[in-house]
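*Asks:* A single structure is presented below for examination.
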Amino acid sequence: MYVRTTSRRNADGTTVRYLQLAHNEWDPAAKASRTKVVYSFGREDQLDVTGIRRLVAALSRLLEPSDALTASTPDGLTFTESRPLGGAFVLDGLWHRLGIDGVMCRLLAGRRLDERVERILFALVANRALAPSSKLAATRWIEADVVIEGLDSVVDESCYRAMDWLIEAEPQISRTVYDNVADLLNLHVDLLFFDTTSTYFELDEPDEPMWRDGRGHRVADGEDSDDAVKEAGFRTYGKSKDSRPDLPQVVIGMAVTRDGVPVRCWCWPGNTGDSALIRQVKDDMRDWSLARVVWVADRGFTSAENRRYLQRAGGHYILGEKLRGDSDEAKAALARPGRYKTVAGNLQVKEVNLADADDRFVICFNPEAAERDATIRQRMLTHLDEAIAGTDKLSKDKRAELRGVISTKPGLKRYLRVTPGGLLRIDKKAIDREANLDGKFLLRCSDPKLSSEDIALGYKQLLEVERGWRDMKQIIDLRPVYHRREDRIRAHVLLCWLALLLVRVIETTTGQTWPSIRDELQRLHLGTFTGPAGTFRQRTETTPAQRKILAALTLDEPRRVHEVTPATH
């Protein structure tokens, strides 16, 4: 059965075409095939398309679903593959809106590099957000399991070359990203949070030490260079925040806005201490168009030198203060009486003014945390009591050996007292001191204009950085790192940062979590159909949930037909 076209010439010379549904029947008498018209559609220029759709739908209901689908498919057309489209499409839309592609293309102009470097880097960032894997596995993912506009395939060597260039371009990219993110989200960067983490490597030995400058970068001239300040390997042993001090690591720092958007990322050798890092971060962001900024950091950055540095050029800080440290100011603040006031939920605050101190001190108290601390302490005391029970009958050497074992456990060591005669006892004064600290944390602030409530709530927002570390390690899979070269490791961290940046912008804009958004978007597929006339690619229909996400991000739906390639003969 087929659509037959007939023509008729009018008196004025114009030609009118008519369409008919016809099929050929064999005439046994004439021993020839005859055309039989089944249905006439009328003039071609007056064709009732809507009526034809209704007719096709009505006829399809008479068939089994599989037969209806076969009947509506052109002869020879084959459905060859389907790939997820939605996740990469949304990430690419924000990549473009944040100007990352534009700044990369400007920096690449005139360079002898693969013209697809920007597309390759986007694909690697999308891989971290959608299906984290090694760079070699990412090349197979790009080729067979995702739709990346402008990139059909890539080899791993091209990925490595693109990553090498990313290290060079990072300062300009970071600045552009911040400016555009601030405009897109209307950010008021009055609080800027900074924190560090570490990530370990499954290595038998750390990297060989080499001379480095104050920022942790390698110094080419070695020991004779004025820039060389220390000798260290990049992947080396240090204070692990993953509880793996037995493995080499690197240290990673991140600056985050109060909305949880990471605006810049750094990487240092694994034995770098936290204290001096915030000064480098402040210098790196000195030329950015930041408004009046209050730096927020935890107890690891509260040294006097850091505090003086953060106050340069009118800056201020909110820093956590160690409750059990040697600071006379902290001891005086905790000793001051006063009444707490509730500021938010179960958080209570009390501001303490010290006459001889330049900073303001705020003591924060959480009753629920106090109960939890007391429960944990009682559990440790029970364990300690069981450990030292009956030790009076042991020899002095045996008691000393047990004391050495307990000293390796800070939670127990805190409550252990040794009598002049060498006997092991529980320290009741230590219990009273610790009970006075239950549920409390101490803050110091240099800004005279912030209220005690703003100081406390501002510091609590430091949890956004910790959430960023958690997502970078669990969703974007910062680890394992499949690289051994220092520059490639740094580039890998930058790719993870860019992926987290796009994820946070999406979450902040939509109000949904990235895992749920990703699962919904990845249901939007692009199908490939091949037939005698060629190949075309068409997406599936968008769902209401997908349209809601696209509307929140002000992104248009992907075009329905992506590609039409006629067959070549």
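Going through the structure tokens in order, the chains are called A, B, and so on, while each chain numbers its residues from 1 and the ligands are numbered from 1 in the order shown.
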As a VMD selection string, please: every residue in stretch 13-154 of chain A that a backbone DSSP assignment puts in alpha helix (DSSP H).

*Replies:* chain A and resid 49 to 60 65 to 72 86 to 97 100 to 108 117 to 130 135 to 144

*Asks:* Need the shell around stretch 496-505 of chain A: protein/DNA/RNA residues with any atom at most 10 Å away, counting only C-alpha atoms. Skip same-chain ones fewer than 3 positions apart. Format as a ChimeraX atom specification?

*Replies:* /A:90-95,98,100,121-122,124-130,132,174,177,181,184-185,254,256,259-266,468-469,471-473,475-478,491-493,508-511,513-515,517-518,553

*Asks:* Quick check, in Å to one decimal: how far apart do atom CA of A:Ile318 and atom CA of A:Asn436 lie?

*Replies:*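 That distance, rounded to one decimal, is 23.1 Å.
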
*Asks:* Write out as a PyMOL selection string the set of residues from stretch 7-152 of chain A that DSSP, computed on the backbone, places in strand (DSSP E or B).

*Replies:* chain A and resi 7-9+15-27+32-43+78-84+148+151

*Asks:* Work out how far atom CA of A:Thr257 is from atom CA of A:Asp447, in Å to one decimal.

*Replies:*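 We find that atom CA of A:Asp447 and atom CA of A:Thr257 lie 18.1 Å from each other.
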
*Asks:* I want to know what sits within 7 Å of stretch 295-308 of chain A, based on only C-alpha atoms, with residues of the same chain fewer than 6 positions away left out; could you give that as a list in words?

*Replies:*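 What passes the distance filter is Leu191, Leu192, Phe193, Phe194, Asp195, Asp274, Ser275, Arg279, His316, Tyr317, Ile318, Leu319, Gly320, Glu321, Lys322 and Tyr459 of chain A.
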
*Asks:* Output all heavy atoms for every residue in that selection, as a CSV table (one decimal), in the first residue's frame.

*Replies:*
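File again-v1.csv, as written:
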chain,number,residue,atom,x,y,z
A,191,LEU,N,30.5,37.1,53.5
A,191,LEU,CA,31.2,36.1,54.2
A,191,LEU,C,31.9,35.1,53.2
A,191,LEU,O,31.2,34.7,52.3
A,191,LEU,CB,30.3,35.3,55.1
A,191,LEU,CG,29.5,36.0,56.2
A,191,LEU,CD1,28.7,35.1,57.0
A,191,LEU,CD2,30.6,36.7,57.1
A,192,LEU,N,33.1,34.8,53.4
A,192,LEU,CA,33.9,33.9,52.5
A,192,LEU,C,34.5,32.8,53.4
A,192,LEU,O,35.3,33.1,54.3
A,192,LEU,CB,34.9,34.6,51.8
A,192,LEU,CG,35.5,33.9,50.5
A,192,LEU,CD1,34.4,33.7,49.5
A,192,LEU,CD2,36.6,34.7,49.9
A,193,PHE,N,34.1,31.6,53.2
A,193,PHE,CA,34.5,30.5,54.0
A,193,PHE,C,35.7,29.8,53.4
A,193,PHE,O,35.8,29.6,52.2
A,193,PHE,CB,33.4,29.5,54.2
A,193,PHE,CG,32.1,30.1,54.8
A,193,PHE,CD1,31.2,30.8,54.0
A,193,PHE,CD2,31.9,30.0,56.2
A,193,PHE,CE1,30.1,31.3,54.6
A,193,PHE,CE2,30.7,30.6,56.7
A,193,PHE,CZ,29.8,31.3,55.9
A,194,PHE,N,36.6,29.4,54.3
A,194,PHE,CA,37.8,28.6,53.8
A,194,PHE,C,38.1,27.5,54.7
A,194,PHE,O,38.0,27.6,55.9
A,194,PHE,CB,39.0,29.6,53.7
A,194,PHE,CG,40.3,28.8,53.3
A,194,PHE,CD1,40.5,28.4,52.0
A,194,PHE,CD2,41.3,28.5,54.3
A,194,PHE,CE1,41.6,27.7,51.7
A,194,PHE,CE2,42.4,27.8,53.9
A,194,PHE,CZ,42.6,27.4,52.6
A,195,ASP,N,38.4,26.3,54.1
A,195,ASP,CA,38.7,25.1,54.8
A,195,ASP,C,39.6,24.2,53.9
A,195,ASP,O,39.6,24.4,52.7
A,195,ASP,CB,37.5,24.4,55.3
A,195,ASP,CG,37.7,23.4,56.4
A,195,ASP,OD1,38.8,23.5,57.0
A,195,ASP,OD2,36.9,22.6,56.7
A,274,ASP,N,47.9,23.8,58.1
A,274,ASP,CA,46.8,24.7,57.8
A,274,ASP,C,47.1,26.1,58.1
A,274,ASP,O,46.6,27.0,57.4
A,274,ASP,CB,45.6,24.3,58.6
A,274,ASP,CG,44.8,23.1,58.0
A,274,ASP,OD1,45.2,22.7,56.8
A,274,ASP,OD2,43.9,22.6,58.6
A,275,SER,N,47.9,26.4,59.1
A,275,SER,CA,48.0,27.8,59.7
A,275,SER,C,48.3,28.8,58.6
A,275,SER,O,47.6,29.9,58.6
A,275,SER,CB,49.0,27.8,60.8
A,275,SER,OG,49.1,29.0,61.4
A,279,ARG,N,46.6,32.8,54.5
A,279,ARG,CA,47.2,34.1,54.0
A,279,ARG,C,47.5,34.0,52.5
A,279,ARG,O,47.3,35.0,51.8
A,279,ARG,CB,48.6,34.2,54.8
A,279,ARG,CG,48.4,34.4,56.3
A,279,ARG,CD,49.6,35.0,57.0
A,279,ARG,NE,50.7,34.1,56.9
A,279,ARG,CZ,51.0,33.1,57.9
A,279,ARG,NH1,50.1,33.0,58.9
A,279,ARG,NH2,52.1,32.4,57.8
A,316,HIS,N,38.0,41.4,57.8
A,316,HIS,CA,37.7,41.0,59.1
A,316,HIS,C,37.6,39.4,59.1
A,316,HIS,O,37.7,38.8,58.1
A,316,HIS,CB,36.4,41.6,59.6
A,316,HIS,CG,36.5,43.0,60.0
A,316,HIS,ND1,37.1,43.5,61.1
A,316,HIS,CD2,36.0,44.1,59.3
A,316,HIS,CE1,37.1,44.8,61.1
A,316,HIS,NE2,36.4,45.2,60.1
A,317,TYR,N,37.4,38.9,60.3
A,317,TYR,CA,37.3,37.4,60.4
A,317,TYR,C,36.4,37.0,61.5
A,317,TYR,O,36.1,37.7,62.4
A,317,TYR,CB,38.7,36.8,60.6
A,317,TYR,CG,39.4,37.4,61.8
A,317,TYR,CD1,39.1,37.0,63.2
A,317,TYR,CD2,40.4,38.4,61.7
A,317,TYR,CE1,39.7,37.6,64.2
A,317,TYR,CE2,41.1,38.9,62.8
A,317,TYR,CZ,40.7,38.5,64.1
A,317,TYR,OH,41.4,39.1,65.2
A,318,ILE,N,35.9,35.7,61.3
A,318,ILE,CA,35.2,34.9,62.4
A,318,ILE,C,36.0,33.6,62.4
A,318,ILE,O,36.0,32.9,61.5
A,318,ILE,CB,33.8,34.7,62.1
A,318,ILE,CG1,33.0,36.0,61.9
A,318,ILE,CG2,33.1,33.8,63.1
A,318,ILE,CD1,31.5,35.8,61.4
A,319,LEU,N,36.6,33.4,63.5
A,319,LEU,CA,37.5,32.2,63.7
A,319,LEU,C,37.1,31.4,64.9
A,319,LEU,O,36.7,31.9,65.9
A,319,LEU,CB,39.0,32.6,63.8
A,319,LEU,CG,39.6,33.4,62.6
A,319,LEU,CD1,41.0,33.8,63.0
A,319,LEU,CD2,39.6,32.6,61.4
A,320,GLY,N,37.1,30.1,64.8
A,320,GLY,CA,36.9,29.2,65.9
A,320,GLY,C,38.2,29.3,66.8
A,320,GLY,O,39.3,29.4,66.4
A,321,GLU,N,37.9,29.2,68.1
A,321,GLU,CA,39.0,29.3,69.1
A,321,GLU,C,39.0,27.9,69.8
A,321,GLU,O,38.0,27.4,70.2
A,321,GLU,CB,38.8,30.4,70.1
A,321,GLU,CG,39.9,30.6,71.1
A,321,GLU,CD,41.1,31.3,70.4
A,321,GLU,OE1,40.9,31.9,69.3
A,321,GLU,OE2,42.2,31.3,71.1
A,322,LYS,N,40.2,27.4,70.1
A,322,LYS,CA,40.4,26.1,70.7
A,322,LYS,C,39.9,26.3,72.2
A,322,LYS,O,40.4,27.1,73.0
A,322,LYS,CB,41.8,25.7,70.7
A,322,LYS,CG,42.3,25.3,69.3
A,322,LYS,CD,43.7,24.9,69.2
A,322,LYS,CE,44.2,24.6,67.8
A,322,LYS,NZ,45.6,24.1,67.8
A,459,TYR,N,29.4,31.4,61.5
A,459,TYR,CA,30.3,30.3,61.7
A,459,TYR,C,29.7,29.0,61.4
A,459,TYR,O,30.3,28.1,60.8
A,459,TYR,CB,30.9,30.3,63.1
A,459,TYR,CG,32.0,29.3,63.3
A,459,TYR,CD1,33.3,29.5,62.9
A,459,TYR,CD2,31.7,28.1,64.0
A,459,TYR,CE1,34.3,28.6,63.2
A,459,TYR,CE2,32.7,27.2,64.2
A,459,TYR,CZ,33.9,27.4,63.8
A,459,TYR,OH,34.9,26.5,64.0

*Asks:* Rank A:Gly531, A:Gly42, A:Pro544, A:Gly102 by their smallest atom-to-atom distance to A:Tyr18, using only C-alpha atoms, and report the top residue only.

*Replies:*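 That would be A:Gly42, the residue with the smallest distance to A:Tyr18.
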
*Asks:* Looking at A:Leu19, A:Cys159, A:Ile455, A:Ala88, which one is nearest to A:His525, with distances taken over only C-alpha atoms?

*Replies:*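 Checking each of A:Leu19, A:Cys159, A:Ile455, A:Ala88 against A:His525, counting only C-alpha atoms, the winner is A:Ala88.
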
*Asks:* My list of candidates is A:Tyr482, A:Val281, A:Ile506, A:Leu108. Which is closest to A:Glu202 when distances are computed with only C-alpha atoms?

*Replies:* A:Tyr482

*Asks:* Of the candidates A:Asn353, A:Thr15, A:Thr196, A:Gln172, which shows the shortest atom-to-atom distance to A:Met285, using only C-alpha atoms?

*Replies:*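 Ranking A:Asn353, A:Thr15, A:Thr196, A:Gln172 by distance to A:Met285, first place goes to A:Gln172.
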
*Asks:* Kindly give the distance, in Å, that separates atom CA of A:Arg444 and atom CA of A:Val362, rounded to a single decimal.

*Replies:*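 Taking atom CA of A:Arg444 and atom CA of A:Val362, their separation equals 6.4 Å.
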